[in-house]
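Reproduced below: coords_10.txt, with compact mmCIF, C-alpha atoms.
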```txt
# COMPACT_ATOMS: atom_id res chain seq x y z
CA MET W 14 41.78 46.65 22.45
CA ARG W 15 38.98 44.11 22.98
CA MET W 16 36.73 46.17 20.67
CA VAL W 17 39.39 46.12 17.93
CA VAL W 18 39.82 42.36 18.27
CA GLY W 19 36.05 41.93 18.14
CA ILE W 20 35.75 44.01 14.97
CA VAL W 21 38.58 42.08 13.31
CA PHE W 22 36.91 38.79 14.29
CA ILE W 23 33.59 39.90 12.79
CA LEU W 24 35.27 41.03 9.58
CA LEU W 25 37.06 37.70 9.27
CA LEU W 26 33.87 35.78 9.96
CA SER W 27 31.61 37.76 7.59
CA PRO W 28 32.75 36.07 4.35
CA VAL W 29 32.10 32.68 5.96
CA LEU W 30 28.59 33.71 6.99
CA ALA W 31 27.92 35.15 3.54
CA ALA W 32 28.99 31.89 1.93
CA VAL W 33 26.40 29.77 3.78
CA PRO W 34 24.19 28.25 1.05
CA LEU W 35 20.53 29.26 0.96
CA PRO W 36 18.25 26.23 1.41
CA PHE W 37 15.78 25.66 -1.43
CA ALA W 38 13.22 23.01 -0.47
CA VAL W 39 11.53 20.80 -3.06
CA ILE W 40 9.04 17.93 -2.73
CA THR W 41 10.38 14.60 -4.00
CA GLY W 42 7.60 12.10 -3.39
CA ASN W 43 8.78 8.82 -4.88
CA GLU W 44 10.46 10.58 -7.82
CA ALA W 45 13.55 11.64 -5.90
CA VAL W 46 16.10 10.87 -8.61
CA ALA W 47 14.33 12.78 -11.40
CA THR W 48 13.41 15.64 -9.06
CA ARG W 49 16.95 15.92 -7.73
CA GLU W 50 18.50 16.00 -11.21
CA VAL W 51 16.11 18.67 -12.49
CA TRP W 52 16.42 21.00 -9.51
CA LEU W 53 20.17 20.60 -9.04
CA MET W 54 20.57 21.80 -12.62
CA ILE W 55 18.21 24.72 -12.02
CA LEU W 56 19.84 25.78 -8.75
CA GLU W 57 23.34 25.58 -10.22
CA ASP W 58 22.22 28.05 -12.89
CA ILE W 59 20.44 30.28 -10.35
CA SER W 60 23.46 30.33 -8.04
CA GLU W 61 25.67 31.52 -10.88
CA ARG W 62 23.18 34.15 -12.08
CA SER W 63 22.32 35.55 -8.65
CA GLY W 64 25.69 35.34 -6.93
CA HIS W 65 24.06 33.47 -4.02
CA ASP W 66 24.89 29.81 -3.45
CA MET W 67 21.71 27.71 -3.36
CA LYS W 68 21.44 24.32 -1.61
CA LEU W 69 18.83 21.78 -2.67
CA GLN W 70 16.81 20.46 0.25
CA LEU W 71 14.71 17.41 -0.61
CA ASN W 72 11.50 16.96 1.37
CA HIS W 73 9.10 14.04 1.13
CA ASP W 74 5.97 16.05 1.92
CA HIS W 75 4.63 19.56 2.32
CA SER W 76 4.27 19.21 6.11
CA SER W 77 8.04 19.15 6.57
CA ILE W 78 8.43 22.20 4.32
CA LYS W 79 5.86 24.14 6.33
CA GLU W 80 7.59 23.16 9.57
CA GLY W 81 10.91 24.41 8.19
CA PHE W 82 9.35 27.81 7.50
CA ARG W 83 7.72 27.97 10.92
CA SER W 84 11.04 27.25 12.63
CA GLY W 85 12.91 29.78 10.47
CA GLU W 86 15.25 27.13 9.03
CA SER W 87 13.90 27.39 5.49
CA VAL W 88 14.24 30.34 3.11
CA PHE W 89 12.93 29.31 -0.32
CA ALA W 90 10.71 26.41 -1.33
CA VAL W 91 8.60 25.08 -4.17
CA VAL W 92 5.08 24.13 -3.08
CA ASP W 93 1.74 23.43 -4.71
CA PRO W 94 -0.86 26.22 -5.08
CA LEU W 95 -2.93 24.89 -2.18
CA ARG W 96 0.02 24.90 0.23
CA MET W 97 1.11 28.31 -1.07
CA MET W 98 -2.24 29.79 -0.02
CA GLN W 99 -2.05 28.09 3.39
CA MET W 100 1.49 29.33 4.05
CA ARG W 101 0.57 32.86 2.96
CA GLN W 102 -2.47 32.86 5.28
CA GLU W 103 -0.26 31.67 8.15
CA ASN W 104 2.23 34.43 7.24
CA ILE W 105 5.15 31.99 7.19
CA ALA W 106 5.86 32.41 3.46
CA GLN W 107 4.83 34.57 0.55
CA PRO W 108 4.53 33.65 -3.15
CA LEU W 109 7.42 34.80 -5.30
CA LEU W 110 6.91 33.17 -8.70
CA GLU W 111 4.72 30.66 -10.49
CA VAL W 112 6.31 27.62 -12.10
CA THR W 113 4.92 26.48 -15.46
CA GLY W 114 6.04 24.34 -18.36
CA PRO W 115 8.81 25.60 -20.66
CA ASP W 116 6.23 27.11 -23.02
CA GLY W 117 4.31 28.78 -20.20
CA SER W 118 1.67 26.07 -20.11
CA GLY W 119 0.19 24.73 -16.89
CA VAL W 120 -0.21 21.21 -15.61
CA LYS W 121 -3.36 19.22 -16.36
CA THR W 122 -4.88 16.45 -14.31
CA ARG W 123 -6.61 13.68 -16.25
CA LEU W 124 -8.94 10.83 -15.42
CA TYR W 125 -8.24 7.64 -17.42
CA VAL W 126 -9.79 4.20 -17.81
CA ARG W 127 -8.96 1.19 -19.96
CA LYS W 128 -10.08 1.47 -23.57
CA ASP W 129 -12.49 -1.43 -23.12
CA SER W 130 -14.00 0.02 -19.93
CA VAL W 131 -17.75 0.56 -19.57
CA ILE W 132 -16.98 3.90 -17.92
CA ARG W 133 -17.73 6.76 -20.33
CA GLU W 134 -18.09 9.75 -18.00
CA VAL W 135 -17.47 10.72 -14.39
CA GLU W 136 -20.95 9.64 -13.28
CA ASP W 137 -20.23 6.10 -14.49
CA LEU W 138 -17.63 5.74 -11.71
CA ILE W 139 -20.39 4.77 -9.25
CA GLY W 140 -19.50 1.40 -7.77
CA HIS W 141 -16.02 1.37 -9.31
CA THR W 142 -12.52 1.72 -7.89
CA ILE W 143 -10.11 4.54 -8.60
CA ALA W 144 -6.40 5.21 -7.97
CA ILE W 145 -5.11 8.67 -7.06
CA LEU W 146 -1.86 10.24 -5.89
CA PRO W 147 -1.38 10.90 -2.16
CA PRO W 148 -2.56 14.49 -1.65
CA ASP W 149 0.44 15.57 0.46
CA ILE W 150 3.16 14.28 -1.87
CA HIS W 151 2.49 15.53 -5.37
CA CYS W 152 1.51 19.11 -6.08
CA ALA W 153 -1.05 18.65 -8.80
CA ALA W 154 -2.93 15.95 -6.91
CA ASN W 155 -4.28 18.86 -4.90
CA GLU W 156 -4.99 20.93 -7.99
CA TYR W 157 -7.51 18.60 -9.52
CA PRO W 158 -10.35 21.11 -10.04
CA MET W 159 -12.65 21.32 -7.04
CA GLU W 160 -15.80 20.75 -9.05
CA MET W 161 -14.37 17.54 -10.51
CA ILE W 162 -13.09 16.12 -7.24
CA ALA W 163 -16.38 17.10 -5.60
CA SER W 164 -18.39 15.23 -8.21
CA ILE W 165 -16.20 12.17 -7.74
CA LEU W 166 -16.57 12.24 -3.97
CA GLU W 167 -20.33 12.81 -4.16
CA ILE W 168 -20.89 9.55 -6.01
CA LYS W 169 -19.20 7.70 -3.13
CA LEU W 170 -16.64 5.57 -4.90
CA GLU W 171 -16.52 1.97 -3.82
CA GLU W 172 -12.83 2.22 -3.01
CA VAL W 173 -9.99 4.70 -3.47
CA PHE W 174 -6.39 3.51 -3.73
CA LEU W 175 -3.42 5.79 -3.00
CA LEU W 176 -0.49 5.06 -5.30
CA ASP W 177 2.79 6.98 -5.11
CA THR W 178 3.49 7.58 -8.81
CA SER W 179 1.57 8.22 -12.01
CA GLU W 180 3.33 5.21 -13.55
CA SER W 181 1.90 2.97 -10.81
CA ILE W 182 -1.57 4.32 -11.49
CA VAL W 183 -1.23 3.62 -15.22
CA LYS W 184 -0.18 0.02 -14.52
CA ALA W 185 -3.04 -0.46 -12.06
CA ILE W 186 -5.54 0.69 -14.70
CA ARG W 187 -3.93 -1.29 -17.50
CA TYR W 188 -3.90 -4.59 -15.60
CA GLY W 189 -7.34 -4.19 -14.03
CA ALA W 190 -6.28 -3.59 -10.42
CA VAL W 191 -8.49 -0.48 -10.45
CA ASP W 192 -11.22 0.72 -12.79
CA ALA W 193 -9.94 4.28 -13.20
CA GLY W 194 -7.15 6.59 -12.16
CA ILE W 195 -6.35 10.29 -11.83
CA ILE W 196 -2.97 11.07 -13.37
CA THR W 197 -1.05 14.30 -13.14
CA GLU W 198 2.06 15.57 -14.91
CA ILE W 199 4.82 15.99 -12.33
CA ILE W 200 7.60 16.94 -14.74
CA PRO W 201 6.73 18.74 -18.02
CA GLY W 202 6.70 16.37 -20.97
CA GLN W 203 7.02 13.30 -18.77
CA ASP W 204 5.57 10.24 -20.55
CA VAL W 205 3.79 7.89 -18.16
CA GLY W 206 2.50 5.62 -20.93
CA THR W 207 -1.20 6.45 -21.25
CA VAL W 208 -1.41 5.74 -24.98
CA ASP W 209 -3.39 2.54 -24.42
CA LEU W 210 -5.84 4.18 -21.99
CA ARG W 211 -8.98 6.22 -22.64
CA LEU W 212 -9.32 9.79 -21.38
CA ILE W 213 -12.62 10.52 -19.61
CA VAL W 214 -12.10 14.12 -18.51
CA GLU W 215 -9.25 16.57 -17.90
CA SER W 216 -8.81 19.74 -15.87
CA GLU W 217 -7.98 23.23 -17.00
CA PRO W 218 -4.24 23.94 -16.74
CA VAL W 219 -2.90 25.32 -13.47
CA ALA W 220 0.57 26.35 -12.33
CA PHE W 221 2.84 23.40 -11.59
CA TRP W 222 4.17 24.99 -8.44
CA TYR W 223 4.82 28.26 -6.63
CA VAL W 224 8.22 29.41 -5.44
CA VAL W 225 7.68 30.82 -1.95
CA VAL W 226 10.04 32.71 0.33
CA ARG W 227 10.20 33.73 3.98
CA PRO W 228 8.55 37.16 4.28
CA ASP W 229 11.19 38.45 6.71
CA TYR W 230 14.20 37.56 4.58
CA SER W 231 16.60 40.05 2.95
CA SER W 232 14.79 41.88 0.15
CA ASN W 233 18.06 42.24 -1.79
CA VAL W 234 18.65 38.48 -1.76
CA ILE W 235 15.03 37.77 -2.67
CA THR W 236 15.22 40.14 -5.62
CA ALA W 237 18.47 38.58 -6.85
CA ILE W 238 17.03 35.05 -6.70
CA LYS W 239 13.76 36.17 -8.32
CA ASP W 240 15.56 37.88 -11.20
CA ALA W 241 17.75 34.81 -11.75
CA LEU W 242 14.72 32.50 -11.84
CA LEU W 243 12.90 34.81 -14.26
CA SER W 244 15.91 34.58 -16.58
CA PHE W 245 16.07 30.77 -16.43
CA ASN W 246 15.25 28.93 -19.65
CA GLY W 247 14.83 25.19 -19.30
CA VAL W 248 12.51 22.41 -18.16
CA TYR W 249 10.48 24.90 -16.12
CA HIS W 250 9.48 28.50 -16.79
CA PHE W 251 9.24 31.01 -13.93
CA ILE W 252 6.81 33.92 -14.15
CA LEU W 253 5.41 36.60 -11.85
CA PRO W 254 1.95 35.48 -10.63
CA GLU W 255 0.19 38.55 -12.04
CA GLN W 256 1.65 37.81 -15.49
CA ASN W 257 -0.08 34.45 -15.76
CA ASP W 258 -3.31 34.84 -17.72
CA LYS W 259 -3.96 31.12 -17.95
CA PRO W 260 -6.77 29.51 -15.91
```
Full structure transcribed into structure tokens:
Amino acid sequence: MRMVVGIVFILLLSPVLAAVPLPFAVITGNEAVATREVWLMILEDISERSGHDMKLQLNHDHSSIKEGFRSGESVFAVVDPLRMMQMRQENIAQPLLEVTGPDGSGVKTRLYVRKDSVIREVEDLIGHTIAILPPDIHCAANEYPMEMIASILEIKLEEVFLLDTSESIVKAIRYGAVDAGIITEIIPGQDVGTVDLRLIVESEPVAFWYVVVRPDYSSNVITAIKDALLSFNGVYHFILPEQNDKP
């Protein structure tokens, strides 16, 4: 009798367990409102396509996302390419898809100065100040090409300022608070007002993000979410990593 009751209890509970939303972690930085709106729209579409309810989980930095995977609380997340490699090496997550712009293009990181600046090339930054994004908040701040960041660090900048948004960096350059700034697209097509600045150098395009997943999670669920993301058509484009032939 107890066995029958137990089986009935499990059968009654199963739909409830199946309905628990799958957490999908995303970095917000200081752009929480825009990030939340974009990803809520995406996850609503993915939930409908896949048949699995997705729950947006907003994280301020990559450290908290990595901790969620280590503890087993997280299932899916969007991280930058650097963190994707770290999480794969630690075997706490595996890459599922790359995230690019709607036309398949990657994100570029650009170094700007004022139009009347004496700075004409990277080497001219010696003795000048520069503003950058905090490396643990925004994905593409870590994807500034290694050779470029190395050359900047080698010339020992007089001072580096960490500013939380690209808009803040633009204002700091425009009003002379810093001599130069490294600006990265966070959302495809986002206008941060650089029309009155001068471009010194820009990186090759790289993937905006990677969607990663727990390696021990249900393969059927992973496949359903992957297929739904591949079918999505909107502000971001999701592709299999091996299909991306861009630098």
Exercise for review: Could you tell me how far atom CA of W:Arg123 lies from atom CA of W:Val219, in Å and to one decimal?
Suggested key: 12.5 Å
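Proximity ranking of W:Lys128, W:Arg62, W:Arg83, W:Arg133 relative to W:Arg211 places W:Lys128 first, based on all atoms listed in the file.
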Point to revise | Residue nearest W:Val135 - candidates W:Glu217, W:Asp192, W:Asp93, W:Glu50, atoms counted: all atoms listed in the file | key: W:Asp192
Exercise for review: Select all residues near (13.4, 32.8, -18.6) (cut-off 12 Å, inclusive, file coordinates), counting all atoms listed in the file, and output them as a VMD selection string.
Suggested key: chain W and resid 55 58 to 59 62 110 112 to 117 239 to 253
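Distance-wise, atom CA of W:Gly206 and atom CA of W:Leu175 end up 18.9 Å apart.
Proximity to W:Pro228 was assessed for W:Ser63, W:Gln102, W:Ser216, W:Thr41 counting all atoms listed in the file; the smallest distance is recorded for W:Gln102.
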Review point. Restricting the calculation to all atoms listed in the file, which member of W:Asn233, W:Tyr223, W:Lys184, W:Phe174 is positioned closest to W:Met97?
Key: W:Tyr223
Exercise for review: Go ahead and compute the interatomic distance for atom CA of W:Val205 and atom CA of W:Gly189, in Å to one decimal.
Suggested key: 16.9 Å
